[in-house]
Amino acid sequence: MQSGVGLVFPGQGSQSVGMGKALCDAYPELKQVYDEASTVLGYDSAALCFEGPAERLNVTEYTQPALLVCSIAALRTLEPTGVKPIAVAGHSLGEYTALVAAGGVSFRDAVGLVQKRGRYMSEAVSPGTGLVAALIGLAPDTVKEVCRSASTIGIVAAANFNSPGQVVIAGEKAAVERAIELAKGQGCKKAIPLPVSVPVHTPLMQPAADRLAEDLAKAQWSDLSAPLINNAEARAISRADEIQASLVRQLPSSVLWEDTIKVMGNMGVTTFVEVGPGTVLTGLIKRILPGATILNVHDPKSLDATVRSLQV
């Protein structure tokens, strides 16, 4: 078994119609993962993931449980290898999946929590008033300064520090547009508006965080079998009493993904396995730690390749 393994789980933006279907077809026992989620959600989770429609799958309240369910199904196919991660992490929503993987919360509780999280996030900001954009080619401090300058006309903040030269900003539409203008003046190579309707990881999410805190307090939390490197501070947490507060802070705070991966590397993680739909995190980790081995599990082919690599 390969040493130094870390598991990472994708967040919103990695979803696509058909995700998880090939794995479920190859491993019919995974159907019970989707069935359990469906009883919590009140609709057919497998049908939404496998058949869409995309318009519904891309609505935050539906996207978040769908990604969690597909990622946990993918994890179930990896578990027979006996993989024991040094640490786990998840990008935004993926942090909940990571907590399930590390035994911090039950799958059933996590499904209900992320359904509410998505709903609260959508309700915190009126439709069409927010904007999210990726800025390419600027240093983190320059992005923070640009956001500070633009915040005279509205709320705008750095939402995700994803990888060297890629920072996502979010907030109120006019303020984000102003920040993009200022960023271009500072040498930003590209500003890409993202198809995310909710300006997550900005102060606009504080009302959603306050509502979510009540639900998090009702869930059953346990100490983790492997430390979680959290989004809000890129800090290792393992105790049940730290988890709730960290998840509340996560919503209005920046996702420190670049720092998270560096912390995992410093802990001895040399092999990262992205578990769940897409390969967004794989691309980011390649830029953060070019020397790391990066594997993923999202269909039978990638699962086979990962299992073979882990057994070398």
# chains A, B, ... in the order shown; residues from 1 in each chain; ligands from 1
call {"tool": "residues_around", "arguments": {"residues": "A:Pro28", "least_positions_apart": "6", "cutoff": "12 Å", "atoms": "only C-alpha atoms", "output": "mmCIF file with N, CA and C atoms, in the first residue's frame"}}
result
data_model
loop_
_atom_site.group_PDB
_atom_site.id
_atom_site.type_symbol
_atom_site.label_atom_id
_atom_site.label_comp_id
_atom_site.auth_asym_id
_atom_site.auth_seq_id
_atom_site.Cartn_x
_atom_site.Cartn_y
_atom_site.Cartn_z
ATOM 1 N N GLY A 20 -21.490 9.779 -11.876
ATOM 2 C CA GLY A 20 -21.698 8.638 -10.997
ATOM 3 C C GLY A 20 -22.343 7.429 -11.639
ATOM 4 N N LYS A 21 -22.918 7.604 -12.836
ATOM 5 C CA LYS A 21 -23.696 6.510 -13.441
ATOM 6 C C LYS A 21 -22.831 5.311 -13.817
ATOM 7 N N ALA A 22 -21.674 5.573 -14.416
ATOM 8 C CA ALA A 22 -20.811 4.459 -14.856
ATOM 9 C C ALA A 22 -20.361 3.613 -13.662
ATOM 10 N N TYR A 34 -27.463 5.990 -3.046
ATOM 11 C CA TYR A 34 -28.429 6.932 -3.631
ATOM 12 C C TYR A 34 -29.807 6.776 -2.989
ATOM 13 N N ASP A 35 -30.195 5.539 -2.708
ATOM 14 C CA ASP A 35 -31.505 5.293 -2.091
ATOM 15 C C ASP A 35 -31.591 5.925 -0.710
ATOM 16 N N ALA A 73 -20.431 7.647 -2.972
ATOM 17 C CA ALA A 73 -20.531 6.404 -3.757
ATOM 18 C C ALA A 73 -19.158 6.027 -4.319
ATOM 19 N N ARG A 76 -16.976 4.612 -1.613
ATOM 20 C CA ARG A 76 -17.320 3.220 -1.270
ATOM 21 C C ARG A 76 -16.563 2.224 -2.159
ATOM 22 N N THR A 77 -16.287 2.599 -3.404
ATOM 23 C CA THR A 77 -15.559 1.689 -4.310
ATOM 24 C C THR A 77 -14.073 1.640 -3.959
#
call {"tool": "select_by_dssp", "arguments": {"residues": "stretch 64-171 of chain A", "states": "alpha helix (DSSP H)", "output": "PyMOL selection string"}}
result
chain A and resi 64-78+94-101+107-124+140-150
call {"tool": "write_last_selection", "arguments": {"atoms": "C-alpha atoms", "output": "PDB file, in the first residue's frame"}}
result
ATOM      1  CA  GLN A  64     -24.760  20.176  -3.150  1.00  0.00           C
ATOM      2  CA  PRO A  65     -26.463  16.915  -2.076  1.00  0.00           C
ATOM      3  CA  ALA A  66     -25.873  15.463  -5.571  1.00  0.00           C
ATOM      4  CA  LEU A  67     -22.123  16.025  -5.368  1.00  0.00           C
ATOM      5  CA  LEU A  68     -21.919  14.674  -1.834  1.00  0.00           C
ATOM      6  CA  VAL A  69     -23.853  11.520  -2.773  1.00  0.00           C
ATOM      7  CA  CYS A  70     -21.788  10.831  -5.927  1.00  0.00           C
ATOM      8  CA  SER A  71     -18.542  11.417  -4.033  1.00  0.00           C
ATOM      9  CA  ILE A  72     -19.502   9.049  -1.203  1.00  0.00           C
ATOM     10  CA  ALA A  73     -20.531   6.404  -3.757  1.00  0.00           C
ATOM     11  CA  ALA A  74     -17.078   6.779  -5.359  1.00  0.00           C
ATOM     12  CA  LEU A  75     -15.462   6.504  -1.918  1.00  0.00           C
ATOM     13  CA  ARG A  76     -17.320   3.220  -1.270  1.00  0.00           C
ATOM     14  CA  THR A  77     -15.559   1.689  -4.310  1.00  0.00           C
ATOM     15  CA  LEU A  78     -12.168   2.754  -2.914  1.00  0.00           C
ATOM     16  CA  GLY A  94     -16.602  18.945  -0.372  1.00  0.00           C
ATOM     17  CA  GLU A  95     -15.627  19.594   3.246  1.00  0.00           C
ATOM     18  CA  TYR A  96     -18.861  17.842   4.299  1.00  0.00           C
ATOM     19  CA  THR A  97     -17.953  14.816   2.167  1.00  0.00           C
ATOM     20  CA  ALA A  98     -14.494  14.774   3.740  1.00  0.00           C
ATOM     21  CA  LEU A  99     -16.080  14.763   7.204  1.00  0.00           C
ATOM     22  CA  VAL A 100     -18.235  11.748   6.286  1.00  0.00           C
ATOM     23  CA  ALA A 101     -15.112   9.993   4.937  1.00  0.00           C
ATOM     24  CA  PHE A 107     -23.819  10.169   5.621  1.00  0.00           C
ATOM     25  CA  ARG A 108     -27.533  10.638   6.352  1.00  0.00           C
ATOM     26  CA  ASP A 109     -26.952  13.725   8.531  1.00  0.00           C
ATOM     27  CA  ALA A 110     -24.544  15.216   5.973  1.00  0.00           C
ATOM     28  CA  VAL A 111     -27.086  14.857   3.147  1.00  0.00           C
ATOM     29  CA  GLY A 112     -29.708  16.762   5.147  1.00  0.00           C
ATOM     30  CA  LEU A 113     -27.228  19.447   6.182  1.00  0.00           C
ATOM     31  CA  VAL A 114     -25.996  20.213   2.670  1.00  0.00           C
ATOM     32  CA  GLN A 115     -29.551  20.350   1.339  1.00  0.00           C
ATOM     33  CA  LYS A 116     -30.303  23.049   3.913  1.00  0.00           C
ATOM     34  CA  ARG A 117     -26.939  24.737   3.326  1.00  0.00           C
ATOM     35  CA  GLY A 118     -27.725  25.098  -0.383  1.00  0.00           C
ATOM     36  CA  ARG A 119     -31.197  26.434   0.352  1.00  0.00           C
ATOM     37  CA  TYR A 120     -29.960  28.974   2.915  1.00  0.00           C
ATOM     38  CA  MET A 121     -27.216  30.156   0.556  1.00  0.00           C
ATOM     39  CA  SER A 122     -29.725  30.721  -2.256  1.00  0.00           C
ATOM     40  CA  GLU A 123     -32.103  32.587   0.062  1.00  0.00           C
ATOM     41  CA  ALA A 124     -29.358  34.839   1.486  1.00  0.00           C
ATOM     42  CA  PRO A 140      -3.274  37.082  -3.533  1.00  0.00           C
ATOM     43  CA  ASP A 141      -2.350  40.400  -1.886  1.00  0.00           C
ATOM     44  CA  THR A 142      -3.124  42.295  -5.103  1.00  0.00           C
ATOM     45  CA  VAL A 143      -6.544  40.610  -5.308  1.00  0.00           C
ATOM     46  CA  LYS A 144      -7.288  41.559  -1.694  1.00  0.00           C
ATOM     47  CA  GLU A 145      -6.295  45.177  -2.425  1.00  0.00           C
ATOM     48  CA  VAL A 146      -8.481  45.276  -5.554  1.00  0.00           C
ATOM     49  CA  CYS A 147     -11.448  43.970  -3.518  1.00  0.00           C
ATOM     50  CA  ARG A 148     -10.816  46.548  -0.789  1.00  0.00           C
ATOM     51  CA  SER A 149     -10.821  49.365  -3.357  1.00  0.00           C
ATOM     52  CA  ALA A 150     -13.990  48.110  -5.089  1.00  0.00           C
TER      53      ALA A 150
END
call {"tool": "residues_around", "arguments": {"residues": "A:His91", "least_positions_apart": "6", "cutoff": "8 Å", "atoms": "only C-alpha atoms", "output": "PyMOL selection string"}}
result
chain A and resi 8-11+231+255+257
call {"tool": "closest_residue", "arguments": {"among": "A:Gln186, A:Ser16, A:Thr63, A:Gln250", "to": "A:Gly90", "atoms": "only C-alpha atoms"}}
result
A:Gln250
call {"tool": "closest_residue", "arguments": {"among": "A:Val263, A:Leu281, A:Ala226, A:Leu135", "to": "A:Gln166", "atoms": "only C-alpha atoms"}}
result
A:Leu135
call {"tool": "decode", "arguments": {"residues": "stretch 110-151 of chain A", "atoms": "N, CA and C atoms", "output": "short mmCIF file (atom, residue, chain, number, x, y, z; two decimals), in the first residue's frame"}}
result
data_model
loop_
_atom_site.label_atom_id
_atom_site.label_comp_id
_atom_site.auth_asym_id
_atom_site.auth_seq_id
_atom_site.Cartn_x
_atom_site.Cartn_y
_atom_site.Cartn_z
N ALA A 110 -25.23 14.31 6.91
CA ALA A 110 -24.54 15.22 5.97
C ALA A 110 -25.44 15.57 4.80
N VAL A 111 -26.18 14.60 4.29
CA VAL A 111 -27.09 14.86 3.15
C VAL A 111 -28.11 15.93 3.53
N GLY A 112 -28.72 15.78 4.70
CA GLY A 112 -29.71 16.76 5.15
C GLY A 112 -29.10 18.14 5.36
N LEU A 113 -27.90 18.16 5.91
CA LEU A 113 -27.23 19.45 6.18
C LEU A 113 -26.90 20.20 4.90
N VAL A 114 -26.39 19.49 3.89
CA VAL A 114 -26.00 20.21 2.67
C VAL A 114 -27.21 20.64 1.86
N GLN A 115 -28.31 19.90 1.99
CA GLN A 115 -29.55 20.35 1.34
C GLN A 115 -29.97 21.70 1.93
N LYS A 116 -29.94 21.79 3.25
CA LYS A 116 -30.30 23.05 3.91
C LYS A 116 -29.27 24.13 3.62
N ARG A 117 -28.01 23.77 3.62
CA ARG A 117 -26.94 24.74 3.33
C ARG A 117 -27.18 25.39 1.98
N GLY A 118 -27.46 24.57 0.95
CA GLY A 118 -27.72 25.10 -0.38
C GLY A 118 -28.92 26.02 -0.41
N ARG A 119 -29.97 25.62 0.31
CA ARG A 119 -31.20 26.43 0.35
C ARG A 119 -30.93 27.78 1.03
N TYR A 120 -30.24 27.74 2.17
CA TYR A 120 -29.96 28.97 2.91
C TYR A 120 -29.07 29.91 2.10
N MET A 121 -28.10 29.34 1.39
CA MET A 121 -27.22 30.16 0.56
C MET A 121 -28.00 30.87 -0.53
N SER A 122 -28.91 30.13 -1.18
CA SER A 122 -29.73 30.72 -2.26
C SER A 122 -30.62 31.83 -1.72
N GLU A 123 -31.15 31.62 -0.51
CA GLU A 123 -32.10 32.59 0.06
C GLU A 123 -31.41 33.81 0.66
N ALA A 124 -30.09 33.72 0.86
CA ALA A 124 -29.36 34.84 1.49
C ALA A 124 -29.16 36.02 0.53
N VAL A 125 -29.23 35.73 -0.77
CA VAL A 125 -28.96 36.77 -1.78
C VAL A 125 -30.06 36.70 -2.84
N SER A 126 -30.62 37.86 -3.20
CA SER A 126 -31.67 37.88 -4.23
C SER A 126 -31.10 37.43 -5.57
N PRO A 127 -31.87 36.63 -6.33
CA PRO A 127 -31.38 36.14 -7.63
C PRO A 127 -30.94 37.29 -8.54
N GLY A 128 -29.81 37.10 -9.20
CA GLY A 128 -29.33 38.09 -10.17
C GLY A 128 -28.55 39.25 -9.58
N THR A 129 -28.44 39.30 -8.24
CA THR A 129 -27.74 40.44 -7.63
C THR A 129 -26.27 40.14 -7.35
N GLY A 130 -25.89 38.87 -7.40
CA GLY A 130 -24.52 38.48 -7.10
C GLY A 130 -23.74 38.13 -8.35
N LEU A 131 -22.42 38.11 -8.23
CA LEU A 131 -21.54 37.74 -9.34
C LEU A 131 -20.30 37.06 -8.78
N VAL A 132 -19.81 36.05 -9.51
CA VAL A 132 -18.61 35.31 -9.12
C VAL A 132 -17.68 35.29 -10.34
N ALA A 133 -16.38 35.54 -10.14
CA ALA A 133 -15.44 35.56 -11.27
C ALA A 133 -14.07 35.06 -10.81
N ALA A 134 -13.40 34.37 -11.72
CA ALA A 134 -12.03 33.92 -11.44
C ALA A 134 -11.06 34.93 -12.04
N LEU A 135 -10.09 35.36 -11.24
CA LEU A 135 -9.05 36.27 -11.71
C LEU A 135 -7.77 35.45 -11.91
N ILE A 136 -7.20 35.54 -13.09
CA ILE A 136 -6.01 34.75 -13.43
C ILE A 136 -4.79 35.67 -13.52
N GLY A 137 -3.74 35.28 -12.80
CA GLY A 137 -2.46 35.96 -12.98
C GLY A 137 -2.13 37.06 -11.99
N LEU A 138 -2.89 37.14 -10.89
CA LEU A 138 -2.58 38.15 -9.88
C LEU A 138 -2.17 37.49 -8.56
N ALA A 139 -1.31 38.16 -7.82
CA ALA A 139 -0.90 37.68 -6.49
C ALA A 139 -2.07 37.86 -5.52
N PRO A 140 -2.18 36.98 -4.50
CA PRO A 140 -3.27 37.08 -3.53
C PRO A 140 -3.40 38.46 -2.90
N ASP A 141 -2.29 39.08 -2.54
CA ASP A 141 -2.35 40.40 -1.89
C ASP A 141 -2.91 41.47 -2.82
N THR A 142 -2.59 41.34 -4.12
CA THR A 142 -3.12 42.29 -5.10
C THR A 142 -4.63 42.12 -5.23
N VAL A 143 -5.10 40.87 -5.23
CA VAL A 143 -6.54 40.61 -5.31
C VAL A 143 -7.26 41.20 -4.08
N LYS A 144 -6.68 41.00 -2.92
CA LYS A 144 -7.29 41.56 -1.69
C LYS A 144 -7.38 43.08 -1.78
N GLU A 145 -6.32 43.71 -2.30
CA GLU A 145 -6.30 45.18 -2.42
C GLU A 145 -7.35 45.66 -3.42
N VAL A 146 -7.48 44.95 -4.53
CA VAL A 146 -8.48 45.28 -5.55
C VAL A 146 -9.89 45.19 -4.95
N CYS A 147 -10.14 44.14 -4.16
CA CYS A 147 -11.45 43.97 -3.52
C CYS A 147 -11.71 45.08 -2.50
N ARG A 148 -10.66 45.45 -1.76
CA ARG A 148 -10.82 46.55 -0.79
C ARG A 148 -11.21 47.84 -1.50
N SER A 149 -10.53 48.13 -2.61
CA SER A 149 -10.82 49.37 -3.36
C SER A 149 -12.24 49.35 -3.93
N ALA A 150 -12.67 48.21 -4.45
CA ALA A 150 -13.99 48.11 -5.09
C ALA A 150 -15.12 48.06 -4.06
N SER A 151 -14.78 47.76 -2.81
CA SER A 151 -15.83 47.59 -1.80
C SER A 151 -16.46 48.92 -1.37
#
